[in-house]
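Source file: run-v3.cif (mmCIF, N, CA and C atoms and all ligand atoms)
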```cif
data_entry
#
loop_
_atom_site.label_atom_id
_atom_site.label_comp_id
_atom_site.auth_asym_id
_atom_site.auth_seq_id
_atom_site.Cartn_x
_atom_site.Cartn_y
_atom_site.Cartn_z
N MET A 1 98.70 113.81 53.41
CA MET A 1 98.08 112.89 54.37
C MET A 1 98.45 111.46 53.99
N VAL A 2 99.06 110.75 54.92
CA VAL A 2 99.40 109.34 54.67
C VAL A 2 98.19 108.49 55.05
N LYS A 3 97.90 107.51 54.22
CA LYS A 3 96.74 106.64 54.47
C LYS A 3 97.26 105.26 54.89
N VAL A 4 96.90 104.84 56.08
CA VAL A 4 97.30 103.52 56.57
C VAL A 4 96.04 102.70 56.80
N THR A 5 95.99 101.54 56.16
CA THR A 5 94.85 100.64 56.33
C THR A 5 95.37 99.31 56.83
N ILE A 6 94.90 98.93 57.96
CA ILE A 6 95.41 97.71 58.59
C ILE A 6 94.32 96.64 58.53
N CYS A 7 94.70 95.47 58.05
CA CYS A 7 93.72 94.40 57.91
C CYS A 7 93.34 93.86 59.29
N MET A 8 92.06 93.90 59.57
CA MET A 8 91.55 93.42 60.85
C MET A 8 90.82 92.10 60.68
N GLY A 9 91.02 91.47 59.52
CA GLY A 9 90.46 90.13 59.32
C GLY A 9 91.05 89.17 60.35
N SER A 10 90.35 88.09 60.63
CA SER A 10 90.77 87.22 61.74
C SER A 10 92.16 86.65 61.53
N SER A 11 92.52 86.34 60.28
CA SER A 11 93.85 85.77 60.05
C SER A 11 94.93 86.80 60.34
N CYS A 12 94.84 87.95 59.71
CA CYS A 12 95.87 88.99 59.93
C CYS A 12 95.90 89.44 61.39
N PHE A 13 94.73 89.55 61.98
CA PHE A 13 94.69 90.02 63.37
C PHE A 13 95.43 89.03 64.27
N SER A 14 95.13 87.74 64.09
CA SER A 14 95.77 86.75 64.97
C SER A 14 97.23 86.53 64.60
N ARG A 15 97.62 86.86 63.37
CA ARG A 15 99.02 86.70 62.98
C ARG A 15 99.87 87.91 63.35
N GLY A 16 99.28 88.93 63.93
CA GLY A 16 100.12 90.01 64.44
C GLY A 16 99.64 91.42 64.21
N ASN A 17 98.53 91.62 63.49
CA ASN A 17 98.11 93.00 63.28
C ASN A 17 97.59 93.66 64.55
N ASN A 18 97.22 92.86 65.54
CA ASN A 18 96.89 93.46 66.83
C ASN A 18 98.12 94.20 67.39
N HIS A 19 99.28 93.58 67.30
CA HIS A 19 100.50 94.22 67.79
C HIS A 19 100.97 95.32 66.83
N ASN A 20 100.77 95.10 65.53
CA ASN A 20 101.17 96.14 64.56
C ASN A 20 100.34 97.41 64.75
N LEU A 21 99.07 97.25 65.08
CA LEU A 21 98.22 98.43 65.32
C LEU A 21 98.77 99.24 66.50
N GLU A 22 99.15 98.55 67.56
CA GLU A 22 99.73 99.26 68.72
C GLU A 22 101.02 99.96 68.31
N ALA A 23 101.84 99.28 67.52
CA ALA A 23 103.12 99.86 67.09
C ALA A 23 102.89 101.08 66.21
N ILE A 24 101.91 101.01 65.33
CA ILE A 24 101.59 102.15 64.45
C ILE A 24 101.12 103.33 65.28
N ARG A 25 100.20 103.08 66.19
CA ARG A 25 99.68 104.17 67.03
C ARG A 25 100.79 104.79 67.85
N SER A 26 101.65 103.98 68.42
CA SER A 26 102.67 104.57 69.28
C SER A 26 103.72 105.31 68.46
N TRP A 27 104.03 104.84 67.23
CA TRP A 27 104.98 105.57 66.39
C TRP A 27 104.38 106.93 66.00
N LEU A 28 103.10 106.94 65.64
CA LEU A 28 102.44 108.20 65.24
C LEU A 28 102.44 109.19 66.40
N ASP A 29 102.12 108.70 67.59
CA ASP A 29 102.13 109.57 68.78
C ASP A 29 103.52 110.11 69.05
N ALA A 30 104.49 109.22 69.07
CA ALA A 30 105.86 109.60 69.41
C ALA A 30 106.46 110.59 68.42
N ASN A 31 105.97 110.53 67.17
CA ASN A 31 106.53 111.39 66.13
C ASN A 31 105.62 112.57 65.77
N GLY A 32 104.57 112.75 66.55
CA GLY A 32 103.67 113.89 66.33
C GLY A 32 102.97 113.86 64.98
N LYS A 33 102.67 112.68 64.48
CA LYS A 33 102.09 112.55 63.13
C LYS A 33 100.61 112.16 63.17
N THR A 34 100.03 112.12 64.33
CA THR A 34 98.65 111.64 64.44
C THR A 34 97.69 112.42 63.55
N ALA A 35 97.91 113.71 63.41
CA ALA A 35 97.00 114.54 62.62
C ALA A 35 97.28 114.45 61.12
N GLU A 36 98.35 113.77 60.75
CA GLU A 36 98.74 113.72 59.34
C GLU A 36 98.49 112.35 58.71
N VAL A 37 97.67 111.56 59.38
CA VAL A 37 97.44 110.21 58.88
C VAL A 37 95.96 109.86 58.96
N THR A 38 95.52 109.07 58.00
CA THR A 38 94.20 108.46 58.09
C THR A 38 94.44 107.00 58.41
N LEU A 39 94.07 106.59 59.59
CA LEU A 39 94.30 105.21 60.03
C LEU A 39 92.95 104.50 60.09
N LYS A 40 92.86 103.43 59.30
CA LYS A 40 91.60 102.69 59.23
C LYS A 40 91.87 101.21 59.32
N GLY A 41 90.87 100.47 59.72
CA GLY A 41 90.92 99.02 59.64
C GLY A 41 90.12 98.57 58.43
N CYS A 42 90.41 97.39 57.94
CA CYS A 42 89.59 96.86 56.85
C CYS A 42 89.34 95.38 57.11
N ARG A 43 88.38 94.86 56.39
CA ARG A 43 88.12 93.42 56.45
C ARG A 43 89.16 92.71 55.61
N CYS A 44 89.09 91.39 55.64
CA CYS A 44 90.06 90.56 54.92
C CYS A 44 90.29 91.07 53.50
N GLY A 45 91.57 91.28 53.18
CA GLY A 45 91.93 91.77 51.86
C GLY A 45 92.24 90.65 50.87
N GLY A 46 91.99 89.40 51.24
CA GLY A 46 92.16 88.28 50.34
C GLY A 46 93.61 87.82 50.18
N LYS A 47 94.47 88.26 51.08
CA LYS A 47 95.89 87.86 51.00
C LYS A 47 96.34 87.27 52.34
N CYS A 48 95.46 86.48 52.93
CA CYS A 48 95.72 85.95 54.27
C CYS A 48 97.03 85.17 54.36
N GLY A 49 97.35 84.44 53.30
CA GLY A 49 98.52 83.57 53.32
C GLY A 49 99.83 84.30 53.53
N VAL A 50 99.87 85.59 53.24
CA VAL A 50 101.12 86.35 53.40
C VAL A 50 100.99 87.41 54.49
N GLY A 51 99.90 87.32 55.25
CA GLY A 51 99.67 88.32 56.29
C GLY A 51 100.59 88.15 57.48
N PRO A 52 100.56 89.07 58.37
CA PRO A 52 99.61 90.19 58.44
C PRO A 52 99.92 91.29 57.43
N ASN A 53 98.86 91.80 56.84
CA ASN A 53 98.99 92.81 55.79
C ASN A 53 98.59 94.20 56.27
N VAL A 54 99.38 95.17 55.81
CA VAL A 54 99.11 96.58 56.09
C VAL A 54 99.28 97.34 54.78
N TRP A 55 98.30 98.16 54.44
CA TRP A 55 98.41 99.00 53.25
C TRP A 55 98.82 100.40 53.68
N ILE A 56 99.84 100.91 53.04
CA ILE A 56 100.26 102.30 53.29
C ILE A 56 100.17 103.01 51.95
N ASN A 57 99.30 104.01 51.92
CA ASN A 57 98.91 104.62 50.65
C ASN A 57 98.45 103.49 49.73
N GLU A 58 99.02 103.32 48.57
CA GLU A 58 98.49 102.27 47.68
C GLU A 58 99.28 100.97 47.76
N ALA A 59 100.33 100.93 48.56
CA ALA A 59 101.19 99.75 48.61
C ALA A 59 100.76 98.79 49.72
N CYS A 60 100.77 97.50 49.40
CA CYS A 60 100.45 96.49 50.40
C CYS A 60 101.77 95.89 50.92
N TYR A 61 101.92 95.91 52.24
CA TYR A 61 103.08 95.30 52.88
C TYR A 61 102.61 94.05 53.60
N SER A 62 103.31 92.95 53.32
CA SER A 62 102.92 91.67 53.90
C SER A 62 103.93 91.25 54.96
N ASP A 63 103.49 90.30 55.79
CA ASP A 63 104.37 89.75 56.81
C ASP A 63 104.93 90.86 57.70
N VAL A 64 104.09 91.83 58.00
CA VAL A 64 104.54 93.00 58.78
C VAL A 64 104.68 92.61 60.25
N THR A 65 105.76 93.09 60.84
CA THR A 65 105.99 92.89 62.27
C THR A 65 106.16 94.27 62.91
N PRO A 66 105.94 94.37 64.21
CA PRO A 66 106.07 95.68 64.86
C PRO A 66 107.43 96.33 64.65
N ASP A 67 108.49 95.54 64.53
CA ASP A 67 109.80 96.17 64.35
C ASP A 67 109.99 96.76 62.96
N ARG A 68 109.14 96.40 62.00
CA ARG A 68 109.21 97.01 60.66
C ARG A 68 108.40 98.31 60.57
N VAL A 69 107.51 98.53 61.53
CA VAL A 69 106.60 99.67 61.47
C VAL A 69 107.34 101.01 61.36
N PRO A 70 108.35 101.28 62.20
CA PRO A 70 109.03 102.58 62.09
C PRO A 70 109.62 102.83 60.70
N GLU A 71 110.23 101.80 60.13
CA GLU A 71 110.84 101.95 58.80
C GLU A 71 109.78 102.23 57.73
N LEU A 72 108.67 101.51 57.78
CA LEU A 72 107.61 101.69 56.78
C LEU A 72 106.97 103.08 56.90
N LEU A 73 106.72 103.50 58.13
CA LEU A 73 106.07 104.81 58.31
C LEU A 73 107.03 105.96 58.01
N THR A 74 108.28 105.80 58.40
CA THR A 74 109.26 106.84 58.09
C THR A 74 109.36 107.04 56.58
N ALA A 75 109.38 105.95 55.83
CA ALA A 75 109.46 106.04 54.37
C ALA A 75 108.21 106.70 53.79
N ALA A 76 107.05 106.34 54.32
CA ALA A 76 105.80 106.90 53.80
C ALA A 76 105.74 108.40 54.05
N PHE A 77 106.14 108.85 55.22
CA PHE A 77 106.10 110.29 55.50
C PHE A 77 107.17 111.04 54.73
N ALA A 78 108.27 110.38 54.44
CA ALA A 78 109.34 111.03 53.65
C ALA A 78 108.88 111.31 52.23
N GLU A 79 107.95 110.49 51.72
CA GLU A 79 107.44 110.67 50.36
C GLU A 79 106.41 111.78 50.25
N GLU A 80 105.90 112.23 51.41
CA GLU A 80 104.83 113.26 51.41
C GLU A 80 105.35 114.58 50.86
S1 LIG A 101 92.66 88.40 57.08
FE1 LIG A 101 93.99 89.90 56.23
S2 LIG A 101 94.09 89.38 54.15
FE2 LIG A 101 92.72 87.95 54.98
#
```
Output the structure of this file as C-alpha cells.
Ligand code: FES
Amino acid sequence: MVKVTICMGSSCFSRGNNHNLEAIRSWLDANGKTAEVTLKGCRCGGKCGVGPNVWINEACYSDVTPDRVPELLTAAFAEE
C-alpha cells in the first residue's frame, strides 16, 4: 500500500496542492491504483517555503507540480 499525504495547509494549497490533488486522483483512477493507496491530507508540515509539499511513503517532495505527479507515483508503485 502506497501512502500519499498531501499538505492542505493554506500555503501549500494556494501554491498548487489543489491542482496536485486533482492530478493524483486522476492518475490513480487512470491506472487502477485507487485501492492500493492511502490518500490523506495533512495540516502544515512546517516546510511552507519549499511547498507545495507532498509526502509519498516516508519521503517529502517539495515544489511539486501536476506534471511531476505521474513520475512520482510511478516510482512509488514500482518500489512496492
Ligand atoms: S502549508 Fe504546507 S508545509 Fe506549510
Judged by all atoms listed in the file, the minimum distance to Asp67 of chain A among A:Ala23, A:Thr38, A:Trp55, A:Lys33 is found for A:Ala23
Quick one: residues within 12 Å of Gly46 of chain A, only C-alpha atoms, excluding same-chain residues fewer than 6 positions away - as a PDB file with N, CA and C atoms, in the frame of the given file?
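Generated file (selection.pdb):
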```
ATOM      1  N   CYS A   7      94.700  95.470  58.050  1.00  0.00           N
ATOM      2  CA  CYS A   7      93.720  94.400  57.910  1.00  0.00           C
ATOM      3  C   CYS A   7      93.340  93.860  59.290  1.00  0.00           C
ATOM      4  N   MET A   8      92.060  93.900  59.570  1.00  0.00           N
ATOM      5  CA  MET A   8      91.550  93.420  60.850  1.00  0.00           C
ATOM      6  C   MET A   8      90.820  92.100  60.680  1.00  0.00           C
ATOM      7  N   GLY A   9      91.020  91.470  59.520  1.00  0.00           N
ATOM      8  CA  GLY A   9      90.460  90.130  59.320  1.00  0.00           C
ATOM      9  C   GLY A   9      91.050  89.170  60.350  1.00  0.00           C
ATOM     10  N   SER A  10      90.350  88.090  60.630  1.00  0.00           N
ATOM     11  CA  SER A  10      90.770  87.220  61.740  1.00  0.00           C
ATOM     12  C   SER A  10      92.160  86.650  61.530  1.00  0.00           C
ATOM     13  N   SER A  11      92.520  86.340  60.280  1.00  0.00           N
ATOM     14  CA  SER A  11      93.850  85.770  60.050  1.00  0.00           C
ATOM     15  C   SER A  11      94.930  86.800  60.340  1.00  0.00           C
ATOM     16  N   CYS A  12      94.840  87.950  59.710  1.00  0.00           N
ATOM     17  CA  CYS A  12      95.870  88.990  59.930  1.00  0.00           C
ATOM     18  C   CYS A  12      95.900  89.440  61.390  1.00  0.00           C
ATOM     19  N   PRO A  52     100.560  89.070  58.370  1.00  0.00           N
ATOM     20  CA  PRO A  52      99.610  90.190  58.440  1.00  0.00           C
ATOM     21  C   PRO A  52      99.920  91.290  57.430  1.00  0.00           C
ATOM     22  N   ASN A  53      98.860  91.800  56.840  1.00  0.00           N
ATOM     23  CA  ASN A  53      98.990  92.810  55.790  1.00  0.00           C
ATOM     24  C   ASN A  53      98.590  94.200  56.270  1.00  0.00           C
ATOM     25  N   CYS A  60     100.770  97.500  49.400  1.00  0.00           N
ATOM     26  CA  CYS A  60     100.450  96.490  50.400  1.00  0.00           C
ATOM     27  C   CYS A  60     101.770  95.890  50.920  1.00  0.00           C
ATOM     28  N   SER A  62     103.310  92.950  53.320  1.00  0.00           N
ATOM     29  CA  SER A  62     102.920  91.670  53.900  1.00  0.00           C
ATOM     30  C   SER A  62     103.930  91.250  54.960  1.00  0.00           C
TER      31      SER A  62
END
```
Q. If I put a ball of radius 5 Å at (94.6, 102.4, 59.4) in the file's coordinates, which residues poke into it when counting only N, CA and C atoms, written as a list in words?
A.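 Using only N, CA and C atoms, the matching residues come out as Val4, Thr5, Ile6, Thr38, Leu39, Lys40 and Gly41 of chain A.
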Among A:Leu21, A:Arg15, A:Val2, A:Thr74, Gly51 of chain A is approached most closely, using all atoms listed in the file, by A:Arg15
Pull the strand (DSSP E or B) assignments for chain A out of DSSP run on the backbone, and list those residues as a JSON list (two decimals) with N, CA and C atoms, in the frame of the given file.
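Listing of out.json after writing:
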```json
[["chain", "number", "residue", "atom", "x", "y", "z"],
["A", 2, "VAL", "N", 99.06, 110.75, 54.92],
["A", 2, "VAL", "CA", 99.40, 109.34, 54.67],
["A", 2, "VAL", "C", 98.19, 108.49, 55.05],
["A", 3, "LYS", "N", 97.90, 107.51, 54.22],
["A", 3, "LYS", "CA", 96.74, 106.64, 54.47],
["A", 3, "LYS", "C", 97.26, 105.26, 54.89],
["A", 4, "VAL", "N", 96.90, 104.84, 56.08],
["A", 4, "VAL", "CA", 97.30, 103.52, 56.57],
["A", 4, "VAL", "C", 96.04, 102.70, 56.80],
["A", 5, "THR", "N", 95.99, 101.54, 56.16],
["A", 5, "THR", "CA", 94.85, 100.64, 56.33],
["A", 5, "THR", "C", 95.37, 99.31, 56.83],
["A", 6, "ILE", "N", 94.90, 98.93, 57.96],
["A", 6, "ILE", "CA", 95.41, 97.71, 58.59],
["A", 6, "ILE", "C", 94.32, 96.64, 58.53],
["A", 7, "CYS", "N", 94.70, 95.47, 58.05],
["A", 7, "CYS", "CA", 93.72, 94.40, 57.91],
["A", 7, "CYS", "C", 93.34, 93.86, 59.29],
["A", 37, "VAL", "N", 97.67, 111.56, 59.38],
["A", 37, "VAL", "CA", 97.44, 110.21, 58.88],
["A", 37, "VAL", "C", 95.96, 109.86, 58.96],
["A", 38, "THR", "N", 95.52, 109.07, 58.00],
["A", 38, "THR", "CA", 94.20, 108.46, 58.09],
["A", 38, "THR", "C", 94.44, 107.00, 58.41],
["A", 39, "LEU", "N", 94.07, 106.59, 59.59],
["A", 39, "LEU", "CA", 94.30, 105.21, 60.03],
["A", 39, "LEU", "C", 92.95, 104.50, 60.09],
["A", 40, "LYS", "N", 92.86, 103.43, 59.30],
["A", 40, "LYS", "CA", 91.60, 102.69, 59.23],
["A", 40, "LYS", "C", 91.87, 101.21, 59.32],
["A", 41, "GLY", "N", 90.87, 100.47, 59.72],
["A", 41, "GLY", "CA", 90.92, 99.02, 59.64],
["A", 41, "GLY", "C", 90.12, 98.57, 58.43],
["A", 42, "CYS", "N", 90.41, 97.39, 57.94],
["A", 42, "CYS", "CA", 89.59, 96.86, 56.85],
["A", 42, "CYS", "C", 89.34, 95.38, 57.11],
["A", 54, "VAL", "N", 99.38, 95.17, 55.81],
["A", 54, "VAL", "CA", 99.11, 96.58, 56.09],
["A", 54, "VAL", "C", 99.28, 97.34, 54.78],
["A", 55, "TRP", "N", 98.30, 98.16, 54.44],
["A", 55, "TRP", "CA", 98.41, 99.00, 53.25],
["A", 55, "TRP", "C", 98.82, 100.40, 53.68],
["A", 56, "ILE", "N", 99.84, 100.91, 53.04],
["A", 56, "ILE", "CA", 100.26, 102.30, 53.29],
["A", 56, "ILE", "C", 100.17, 103.01, 51.95],
["A", 59, "ALA", "N", 100.33, 100.93, 48.56],
["A", 59, "ALA", "CA", 101.19, 99.75, 48.61],
["A", 59, "ALA", "C", 100.76, 98.79, 49.72],
["A", 60, "CYS", "N", 100.77, 97.50, 49.40],
["A", 60, "CYS", "CA", 100.45, 96.49, 50.40],
["A", 60, "CYS", "C", 101.77, 95.89, 50.92],
["A", 61, "TYR", "N", 101.92, 95.91, 52.24],
["A", 61, "TYR", "CA", 103.08, 95.30, 52.88],
["A", 61, "TYR", "C", 102.61, 94.05, 53.60]]
```
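Closest approach to Glu22 of chain A among A:Arg43, A:Pro66, A:Lys3, A:Ile56 is made by A:Pro66 (distances from all atoms listed in the file).
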Across A:Thr34, A:Ser26, A:Asn57, A:Ser14, the smallest distance to ligand LIG 101 (chain A), with all atoms listed in the file counted, is shown by A:Ser14
